[in-house]
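Worksheet for the structure shown next.
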Amino acid sequence: MPKIGVYICHCGENIAGAVNIEEVKKFAEQLPDVVVVRDYLFMCSDPGQEIIKEDIRKGLVDRVVVAACTPRTHEPIFRKACEDAGLNKYYFEMANIRDQCSWAHWHEKEKATEKAKQLIAAAVAKARLLEPLEDRYVELNKDVLVIGGGIAGIFAALDLANAGFKVYLVEKSPSIGGNMAKLDKTFPTNDCSACILTPLMVEVANHPNITLYTYSEVESVEGTVGNFKVKVRKKQTYVDWEKCTGCGACLNVCPPKARVPDEFNEGLSLRGAIYIPFPQAVPKKAVIDPDACIRCSGRWFGEEPRRTKDGKPILAPCEKVCPTGACSRDEPRDPNGEIIELNVGAIIVATGYRVMDKKHFKEFAPDSPNVITALQMERLISATGPTEGKLIVPSDIPKYLEWKRKIEKGKEAKLDVRKPKVITFVSCVGSRDERFHTYCSKVCCMYMLKQAMLLKEKYPDLDIYIFFIDVRTPGKDFDEYYMRCRKLGVKIIKGKVGGVQRLPDERLLVRGYDADLGKPVELISDIVVLATAIEPNTDLKDLARKLGINVGAEGFLRERHTKLYPVDTMTEGIFICGCAQGPKDIPDSVAQAKAAAASAMSLLAPGKMKVEPLVSEVNPEKCTGCGICAPLCPYGAIEYVEIDGKRRAKINEAICKGCGVCAAACPSKAITLHGFTYEQVLAQIRTIARKGVIEEV
Amino acid sequence: MESGVSSVINLTEVAKREKEEFGKKVSELIIEFGAENLLACMQCGACASVCPLARVGFEWYNKKLIKAILIGMKEELLDDPTPWACVACNRCTEICPRQVAPFEVMFAMRRLMVEEFAIPTLAIEGIRSLYEHGHAVYMTGREARKKVGLPEKPPTTDSDEKALQDLRTILRNTKLAELGLIPME
């Protein structure tokens, strides 16, 4: 006969505030096989655990039921307490009378007490049928895949590589650097973004432990923690990277017809079909965008060239100008690129974010070239931007580029562009807005202050208005930064802009509200900067599906636990960091990246991992080899083997995650999920169906 | 609706006037007139919560006055009586978390108003009285004093010819004399 101890936790007021502990205790005492019932203020505390251990050591109990909070966070704690006291830790069962009872029925105390009784009775019914199980160990592959080469991915990769782990860093763009590479300066210290980022990018490229795959995307992911099999598609670059030296000779010869909006300059200028994303790109290699290429000389890769009358081949301009032959079109190239297969033990997802386009906001005159996003403003004031950092109204950028082309060709030209006198910033565009995103994008207040400060310091005569709903500056040195900005004379107005109207002279009429004066205000501005929301990348959902991790309602990757497991996911061995998890600034992204790297290290460093024995097993005596279970297994853990000349299912324990799908589906009840057997689960259900009365076995 | 301010504030007009007519920002003028920490204001409103003027319904109490100055308003504020009603209790200065000293802003605004000759008659009377008797608020009822056996003038500057002359010398050397608000011969 089992000797069951029931331990009821008050969880401070969390449980005791809704559940009558004394009544539940009396009820539990009369349940079959229950020999001890105790309660305590915090059962998970040291003295609380000691109560359980003491009873086990004295031989009073040999099964433990704790009625407390959620097994998600606390089951491992109590199992360990059992183990420490010398009891097999799978002789433990938990009844969740907090999350599923007291919290949910806080205002119905009698019913909550009744439900707590039934949940405890069900747990006792299962505890009577528990069986001892042994942990097992699996070998872990120690290599790590990092997806995304922005500041978060870079730090995760470097920390792992410096600790001796081999890292594969996959980036979908031709260069690493991410969004941070587009920024001019960074708050709260106003460091030049390129100055602090570029050395890190170079370090990644040269690190012996890092294999860098840029212009590549994750195609598929199979396997589980310690043994992921990942297929990565290296996209077709159409330029031989072995030969390309990044000299840039090809960039200028690409004809005007093949020019498309430049991603790096956020569309403020054009790039050729053949391009290097930005001057400090790592690796500094050119790629051809096949959608933009107009196939100069009428020839594609691998096709015979047309020839002049005297038989000389006619080459495309990029091909002709390339000093190393990297752009040669002699060889055919597979448009699908190349598939690379990687084996890794852990994966870190750091795919970053994108900012919302202004086109969604009809009220802010998005058709005006002088209404720009804040990221476009970064490019406009950056020394590597479309105007080399000269501040002009965006509607005059084409004029500026034309002037530059003429000057570069040695022609005389006069630069006739308008410099802005008034710049207006609008906060919370698409953030804190039920029509778009309910969340706060977290970085906008600070970057608006930063841009205003940089502009005001450089051009003191500029009139700068920032319209805020609230100024949110909760970071180290952030509010001091805000004050510095105010003292520069930037005009801060509490109230959101409701409308922007494009005027015939390409200036803008801004209509806002000053909540301090309680009056509507209006002004004419040369540039309006929209702090558009940070959004998850469009393909993030797709990637999450491939990885088998969760996405929250707002579209960002979901962490296992907001407070306690902020960089873990519900899938063991996959970690997340940076803006793929939610909007955050550079300091937070770096901190999370380092946390993800440390979490991956502590998982992989031992080289093997303890795995719960809560997996499924097939009884070959009962199995008919019907073939229903294998296709249902989400982990591919089931295969068919010959046993005595008969086809039988077999489950690979190392791959099985114990989800129970096969056990539920097996028509001949040949599959047992240890820890959740038919008998155990049915005993629980029957007890609840009988309102807490346990059926005799 | 508040006196002197239109229902929609045109910030472009305000900024234009600030640049073209005054040659200096209003905030710069106010800082010169003694409110050195004006720009540190973050519009929290603590000053207004303790201000007696705000409590009795004056329009441009400390917090709102500071905001109006920060966006460059001046013309609209000149005819407003609020700064002259300030009782200098200094509660605002004690409570301000940014050490703006809103009281100093109120008084700087008075100085700016005087520069612009935007002074209420009552204030001019006070100045005249100060010059003539040594008291900004001078008591009437000299007959009554005589009746109860007191000297006609109280034993202050008013009855001390030398002190009164000294005071007048001081006043003639202040900005007040330059402005010529009252005759000082």
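Labels used: A, B, ... for chains in the order of the structure tokens, numbers from 1 for residues in each chain, and numbers from 1 for ligands as shown.
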
Problem - All helix (DSSP H, G or I) positions in range 53-157 of chain A, as a PyMOL selection string - result: chain A and resi 53-57+71-84+98-102+109-127+151-157

Would you write out those residues with N, CA and C atoms, as a short mmCIF file (atom, residue, chain, number, x, y, z; two decimals), in the first residue's frame?
data_model
loop_
_atom_site.label_atom_id
_atom_site.label_comp_id
_atom_site.auth_asym_id
_atom_site.auth_seq_id
_atom_site.Cartn_x
_atom_site.Cartn_y
_atom_site.Cartn_z
N LYS A 53 10.83 16.59 3.09
CA LYS A 53 12.01 15.73 3.22
C LYS A 53 12.00 14.94 4.53
N GLU A 54 11.64 15.64 5.59
CA GLU A 54 11.61 15.02 6.92
C GLU A 54 10.67 13.81 6.94
N ASP A 55 9.48 14.00 6.35
CA ASP A 55 8.49 12.90 6.32
C ASP A 55 9.01 11.72 5.52
N ILE A 56 9.73 12.01 4.41
CA ILE A 56 10.27 10.91 3.61
C ILE A 56 11.36 10.18 4.38
N ARG A 57 12.27 10.96 4.99
CA ARG A 57 13.39 10.36 5.73
C ARG A 57 12.89 9.48 6.88
N PRO A 71 3.28 23.39 -12.17
CA PRO A 71 4.42 22.49 -12.34
C PRO A 71 5.46 23.03 -13.31
N ARG A 72 5.03 23.98 -14.15
CA ARG A 72 5.96 24.54 -15.14
C ARG A 72 7.21 25.11 -14.46
N THR A 73 7.01 25.81 -13.37
CA THR A 73 8.17 26.38 -12.69
C THR A 73 8.58 25.58 -11.46
N HIS A 74 7.62 24.91 -10.79
CA HIS A 74 7.92 24.35 -9.46
C HIS A 74 8.04 22.83 -9.38
N GLU A 75 7.60 22.12 -10.43
CA GLU A 75 7.73 20.66 -10.37
C GLU A 75 9.19 20.22 -10.18
N PRO A 76 10.13 20.84 -10.95
CA PRO A 76 11.53 20.42 -10.77
C PRO A 76 12.05 20.63 -9.35
N ILE A 77 11.56 21.69 -8.68
CA ILE A 77 12.02 21.99 -7.32
C ILE A 77 11.59 20.89 -6.34
N PHE A 78 10.32 20.50 -6.45
CA PHE A 78 9.81 19.49 -5.50
C PHE A 78 10.33 18.09 -5.84
N ARG A 79 10.51 17.83 -7.14
CA ARG A 79 11.09 16.52 -7.50
C ARG A 79 12.48 16.38 -6.87
N LYS A 80 13.23 17.49 -6.94
CA LYS A 80 14.58 17.45 -6.40
C LYS A 80 14.53 17.22 -4.88
N ALA A 81 13.58 17.85 -4.22
CA ALA A 81 13.43 17.67 -2.77
C ALA A 81 13.20 16.19 -2.45
N CYS A 82 12.34 15.52 -3.25
CA CYS A 82 12.07 14.09 -3.06
C CYS A 82 13.35 13.29 -3.24
N GLU A 83 14.06 13.63 -4.32
CA GLU A 83 15.29 12.90 -4.65
C GLU A 83 16.32 13.06 -3.53
N ASP A 84 16.46 14.31 -3.05
CA ASP A 84 17.43 14.59 -1.98
C ASP A 84 17.12 13.79 -0.72
N ARG A 98 -3.41 26.98 -7.63
CA ARG A 98 -3.27 28.42 -7.67
C ARG A 98 -3.71 28.95 -9.05
N ASP A 99 -2.86 28.72 -10.08
CA ASP A 99 -3.18 29.24 -11.42
C ASP A 99 -4.53 28.73 -11.91
N GLN A 100 -4.81 27.44 -11.61
CA GLN A 100 -6.03 26.84 -12.16
C GLN A 100 -7.19 26.86 -11.17
N CYS A 101 -6.98 27.46 -10.00
CA CYS A 101 -8.08 27.44 -9.02
C CYS A 101 -8.24 28.78 -8.30
N SER A 102 -7.32 29.09 -7.36
CA SER A 102 -7.55 30.30 -6.55
C SER A 102 -7.51 31.58 -7.39
N LYS A 109 -15.18 31.99 -3.37
CA LYS A 109 -14.31 31.25 -2.46
C LYS A 109 -14.80 29.83 -2.16
N GLU A 110 -16.10 29.67 -2.05
CA GLU A 110 -16.61 28.32 -1.75
C GLU A 110 -16.37 27.36 -2.89
N LYS A 111 -16.65 27.85 -4.09
CA LYS A 111 -16.43 26.99 -5.26
C LYS A 111 -14.94 26.70 -5.45
N ALA A 112 -14.10 27.70 -5.16
CA ALA A 112 -12.66 27.50 -5.29
C ALA A 112 -12.20 26.41 -4.33
N THR A 113 -12.71 26.43 -3.12
CA THR A 113 -12.35 25.41 -2.12
C THR A 113 -12.78 24.02 -2.62
N GLU A 114 -13.98 23.96 -3.19
CA GLU A 114 -14.50 22.69 -3.71
C GLU A 114 -13.61 22.18 -4.84
N LYS A 115 -13.21 23.10 -5.72
CA LYS A 115 -12.38 22.69 -6.87
C LYS A 115 -11.00 22.23 -6.40
N ALA A 116 -10.47 22.92 -5.39
CA ALA A 116 -9.15 22.53 -4.86
C ALA A 116 -9.20 21.10 -4.33
N LYS A 117 -10.29 20.77 -3.66
CA LYS A 117 -10.45 19.40 -3.15
C LYS A 117 -10.39 18.39 -4.28
N GLN A 118 -11.15 18.68 -5.34
CA GLN A 118 -11.21 17.73 -6.47
C GLN A 118 -9.86 17.58 -7.16
N LEU A 119 -9.16 18.71 -7.32
CA LEU A 119 -7.85 18.64 -7.97
C LEU A 119 -6.87 17.82 -7.13
N ILE A 120 -6.95 18.00 -5.82
CA ILE A 120 -6.07 17.23 -4.93
C ILE A 120 -6.44 15.75 -4.96
N ALA A 121 -7.73 15.47 -4.96
CA ALA A 121 -8.19 14.07 -5.03
C ALA A 121 -7.69 13.42 -6.32
N ALA A 122 -7.75 14.16 -7.43
CA ALA A 122 -7.29 13.61 -8.71
C ALA A 122 -5.80 13.32 -8.66
N ALA A 123 -5.05 14.24 -8.03
CA ALA A 123 -3.61 14.04 -7.93
C ALA A 123 -3.29 12.82 -7.06
N VAL A 124 -4.06 12.66 -5.98
CA VAL A 124 -3.85 11.49 -5.11
C VAL A 124 -4.18 10.21 -5.87
N ALA A 125 -5.27 10.26 -6.67
CA ALA A 125 -5.66 9.07 -7.45
C ALA A 125 -4.53 8.67 -8.38
N LYS A 126 -3.87 9.67 -8.97
CA LYS A 126 -2.76 9.35 -9.87
C LYS A 126 -1.55 8.87 -9.07
N ALA A 127 -1.29 9.52 -7.93
CA ALA A 127 -0.12 9.19 -7.12
C ALA A 127 -0.13 7.73 -6.68
N ILE A 151 23.25 43.36 -34.38
CA ILE A 151 24.08 43.51 -33.17
C ILE A 151 23.84 42.37 -32.19
N ALA A 152 22.61 41.86 -32.10
CA ALA A 152 22.33 40.76 -31.18
C ALA A 152 23.01 39.48 -31.65
N GLY A 153 22.83 39.14 -32.92
CA GLY A 153 23.44 37.93 -33.47
C GLY A 153 24.96 37.98 -33.38
N ILE A 154 25.51 39.16 -33.64
CA ILE A 154 26.97 39.33 -33.60
C ILE A 154 27.50 39.04 -32.19
N PHE A 155 26.83 39.60 -31.17
CA PHE A 155 27.31 39.38 -29.80
C PHE A 155 27.11 37.94 -29.34
N ALA A 156 25.98 37.35 -29.72
CA ALA A 156 25.75 35.95 -29.34
C ALA A 156 26.84 35.08 -29.96
N ALA A 157 27.15 35.32 -31.24
CA ALA A 157 28.16 34.52 -31.95
C ALA A 157 29.53 34.72 -31.33
#

Can you pull out every residue within 8 Å of Ile469 in chain A, counting only C-alpha atoms, but drop anything in the same chain fewer than 6 positions away, and send it as a tab-separated table (two decimals) with N, CA and C atoms, in the first residue's frame?
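In the end it all went to around34.tsv:
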chain	number	residue	atom	x	y	z
A	427	SER	N	5.50	61.30	-32.45
A	427	SER	CA	5.77	60.04	-31.74
A	427	SER	C	4.63	59.05	-31.93
A	428	CYS	N	4.89	57.80	-31.53
A	428	CYS	CA	3.87	56.75	-31.44
A	428	CYS	C	3.09	56.58	-32.75
A	494	LYS	N	3.47	68.22	-25.42
A	494	LYS	CA	2.72	67.03	-25.04
A	494	LYS	C	1.40	67.01	-25.82
A	495	GLY	N	1.24	65.99	-26.60
A	495	GLY	CA	0.05	65.90	-27.46
A	495	GLY	C	0.48	65.32	-28.80
A	496	LYS	N	-0.37	64.48	-29.37
A	496	LYS	CA	0.01	63.83	-30.63
A	496	LYS	C	-0.52	64.63	-31.81

Counting only C-alpha atoms, give me one row per residue of chain A with an atom at most 6 Å from an atom of chain B, showing the shortest contact pair and its distance in Å to one decimal, sorted by chain then residue number, as a Markdown table.
| residue | atom | partner | partner_atom | distance |
| --- | --- | --- | --- | --- |
| A:Lys487 | CA | B:Leu39 | CA | 5.0 |
| A:Pro520 | CA | B:Val8 | CA | 5.1 |
| A:Val521 | CA | B:Ile9 | CA | 4.5 |
| A:Glu522 | CA | B:Asn10 | CA | 5.0 |
| A:Leu523 | CA | B:Thr12 | CA | 4.7 |
| A:Ile524 | CA | B:Thr12 | CA | 6.0 |

Got time to write the residues from that selection, N, CA and C atoms, as a short mmCIF file (atom, residue, chain, number, x, y, z; two decimals), in the first residue's frame?
data_model
loop_
_atom_site.label_atom_id
_atom_site.label_comp_id
_atom_site.auth_asym_id
_atom_site.auth_seq_id
_atom_site.Cartn_x
_atom_site.Cartn_y
_atom_site.Cartn_z
N LYS A 487 17.27 71.39 -22.60
CA LYS A 487 18.06 72.58 -22.33
C LYS A 487 18.68 73.16 -23.60
N PRO A 520 -5.40 73.58 -29.42
CA PRO A 520 -4.81 73.06 -30.65
C PRO A 520 -3.69 73.99 -31.13
N VAL A 521 -2.67 73.41 -31.75
CA VAL A 521 -1.59 74.23 -32.30
C VAL A 521 -1.38 73.83 -33.75
N GLU A 522 -0.83 74.73 -34.56
CA GLU A 522 -0.44 74.34 -35.91
C GLU A 522 0.83 75.06 -36.30
N LEU A 523 1.55 74.46 -37.23
CA LEU A 523 2.80 75.07 -37.67
C LEU A 523 3.16 74.56 -39.06
N ILE A 524 4.04 75.30 -39.72
CA ILE A 524 4.51 74.87 -41.03
C ILE A 524 5.92 74.33 -40.85
#

Problem - CA of Lys166 in chain A to CA of Asn209 in chain A, straight-line distance in Å - result: 4.9 Å

Practice task
Quick one: everything within 7 Å of range 266-270 of chain A, counting only C-alpha atoms, minus sequence neighbours fewer than 5 positions away in the same chain. Send it as a PyMOL selection string.
Solution key: chain A and resi 259-261+376+386

Problem - Nearest candidate to Asp505 in chain A (options A:Lys284, A:Lys243, A:Lys3, A:Arg418; using only C-alpha atoms) - result: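 Nearest to Asp505 in chain A: A:Arg418.
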
Problem - Nearest-residue call for Lys234 in chain A, choices A:Arg271, A:Lys172, A:His437, A:Arg558, using only C-alpha atoms - result: A:Lys172

Exercise for the section: Find the residues around Arg91 in chain B up to 8 Å (only C-alpha atoms counted), leave out those fewer than 3 positions away in its own chain, and share them as a VMD selection string. Expected result: chain B and resid 47 50 to 51 94 to 95

Problem - Residues near range 671-685 of chain A, cut-off 10 Å, only C-alpha atoms, skip fewer than 5 positions along chain, as an MDAnalysis selection string - result: chainID A and resid 90:93 118:133 612:620 622:623 629 649:651 658:666 690:692 694:697

If you keep C-alpha atoms, can you produce a file of those selected residues as a short mmCIF file (atom, residue, chain, number, x, y, z; two decimals), in the first residue's frame?
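See out06.cif below for the written result:
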data_model
loop_
_atom_site.label_atom_id
_atom_site.label_comp_id
_atom_site.auth_asym_id
_atom_site.auth_seq_id
_atom_site.Cartn_x
_atom_site.Cartn_y
_atom_site.Cartn_z
CA TYR A 90 8.85 10.37 -10.13
CA TYR A 91 6.89 9.34 -7.04
CA PHE A 92 5.81 12.98 -7.04
CA GLU A 93 2.62 14.57 -8.31
CA GLN A 118 -11.21 17.73 -6.47
CA LEU A 119 -7.85 18.64 -7.97
CA ILE A 120 -6.07 17.23 -4.93
CA ALA A 121 -8.19 14.07 -5.03
CA ALA A 122 -7.29 13.61 -8.71
CA ALA A 123 -3.61 14.04 -7.93
CA VAL A 124 -3.85 11.49 -5.11
CA ALA A 125 -5.66 9.07 -7.45
CA LYS A 126 -2.76 9.35 -9.87
CA ALA A 127 -0.12 9.19 -7.12
CA ARG A 128 -1.42 5.77 -6.02
CA LEU A 129 -0.52 4.45 -9.49
CA LEU A 130 2.86 6.17 -9.96
CA GLU A 131 5.85 4.08 -10.96
CA PRO A 132 9.52 4.80 -10.34
CA LEU A 133 11.44 6.03 -13.41
CA GLU A 612 13.25 13.14 -18.32
CA PRO A 613 12.16 9.54 -18.72
CA LEU A 614 8.66 10.78 -19.54
CA VAL A 615 8.72 9.25 -23.02
CA SER A 616 6.59 6.76 -24.87
CA GLU A 617 7.35 3.08 -25.24
CA VAL A 618 5.78 0.47 -27.52
CA ASN A 619 4.74 -2.94 -26.22
CA PRO A 620 5.62 -5.16 -29.21
CA LYS A 622 0.27 -5.55 -28.37
CA CYS A 623 1.45 -3.55 -31.42
CA CYS A 629 1.40 6.44 -34.99
CA ALA A 649 6.54 0.36 -34.20
CA LYS A 650 9.64 1.42 -32.29
CA ILE A 651 10.17 4.75 -30.55
CA GLY A 658 6.79 12.75 -24.48
CA CYS A 659 3.95 14.66 -26.10
CA GLY A 660 1.68 11.62 -25.98
CA VAL A 661 0.11 11.94 -29.41
CA CYS A 662 1.05 8.38 -30.37
CA ALA A 663 -0.23 6.92 -27.10
CA ALA A 664 -3.58 8.64 -27.54
CA ALA A 665 -3.90 7.51 -31.14
CA CYS A 666 -2.86 3.85 -30.80
CA ARG A 690 -17.05 11.74 -9.39
CA LYS A 691 -16.47 15.12 -7.74
CA GLY A 692 -13.46 14.02 -5.73
CA ILE A 694 -11.51 8.08 -5.67
CA GLU A 695 -12.45 4.72 -7.20
CA GLU A 696 -10.99 1.73 -5.40
CA VAL A 697 -8.34 -0.13 -7.38
#

Handout entry: Point-to-point distance in Å for CA of Ile423 in chain A and CA of Leu462 in chain A
Key =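 Result for CA of Leu462 in chain A versus CA of Ile423 in chain A: 7.4 Å, one decimal.
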
Might you pull out every residue within 6 Å of Ala136 in chain B, with only C-alpha atoms counted and same-chain residues fewer than 2 positions away left off, and present them as a compact mmCIF listing (two decimals) with C-alpha atoms, in the first residue's frame?
# COMPACT_ATOMS: atom_id res chain seq x y z
CA GLY B 126 2.79 101.53 -6.04
CA SER B 129 4.10 105.80 -3.60
CA LEU B 130 7.45 104.12 -3.03

Problem - Long-range neighbours of range 439-444 of chain A as a VMD selection string, 6 Å cut-off, only C-alpha atoms, 4 positions minimum in chain - result: chain A and resid 431 to 432 448 531 533 to 534 583 585

Output the selection as a PDB file, in the first residue's frame - C-alpha atoms for each residue.
ATOM      1  CA  SER A 431       2.596  52.109 -31.724  1.00  0.00           C
ATOM      2  CA  ARG A 432       0.085  52.360 -28.849  1.00  0.00           C
ATOM      3  CA  MET A 448      13.671  61.314 -31.432  1.00  0.00           C
ATOM      4  CA  ALA A 531       8.543  57.620 -35.307  1.00  0.00           C
ATOM      5  CA  ALA A 533       6.561  51.381 -34.928  1.00  0.00           C
ATOM      6  CA  ILE A 534       9.057  48.575 -34.664  1.00  0.00           C
ATOM      7  CA  PRO A 583      11.168  46.044 -29.351  1.00  0.00           C
ATOM      8  CA  ASP A 585      17.335  49.299 -27.715  1.00  0.00           C
TER       9      ASP A 585
END

Practice task
May I ask for the distance between CA of Glu242 in chain A and CA of Lys312 in chain A, given in Å to one decimal place?
Solution key: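 For CA of Glu242 in chain A relative to CA of Lys312 in chain A, the distance reads 26.6 Å.
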
Problem - B:Tyr138, B:Lys147, B:Leu77, B:Ile31 ranked by distance to Ala108 in chain B, top pick (using only C-alpha atoms) - result: B:Ile31

Exercise for the section: Choose the residue, out of A:Asp416, A:Glu171, A:Asp159, A:Glu222, that has the smallest atom-to-atom separation from Pro634 in chain A; count only C-alpha atoms. Expected result: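 Looking at the shortest contact to Pro634 in chain A, the residue is A:Glu222.
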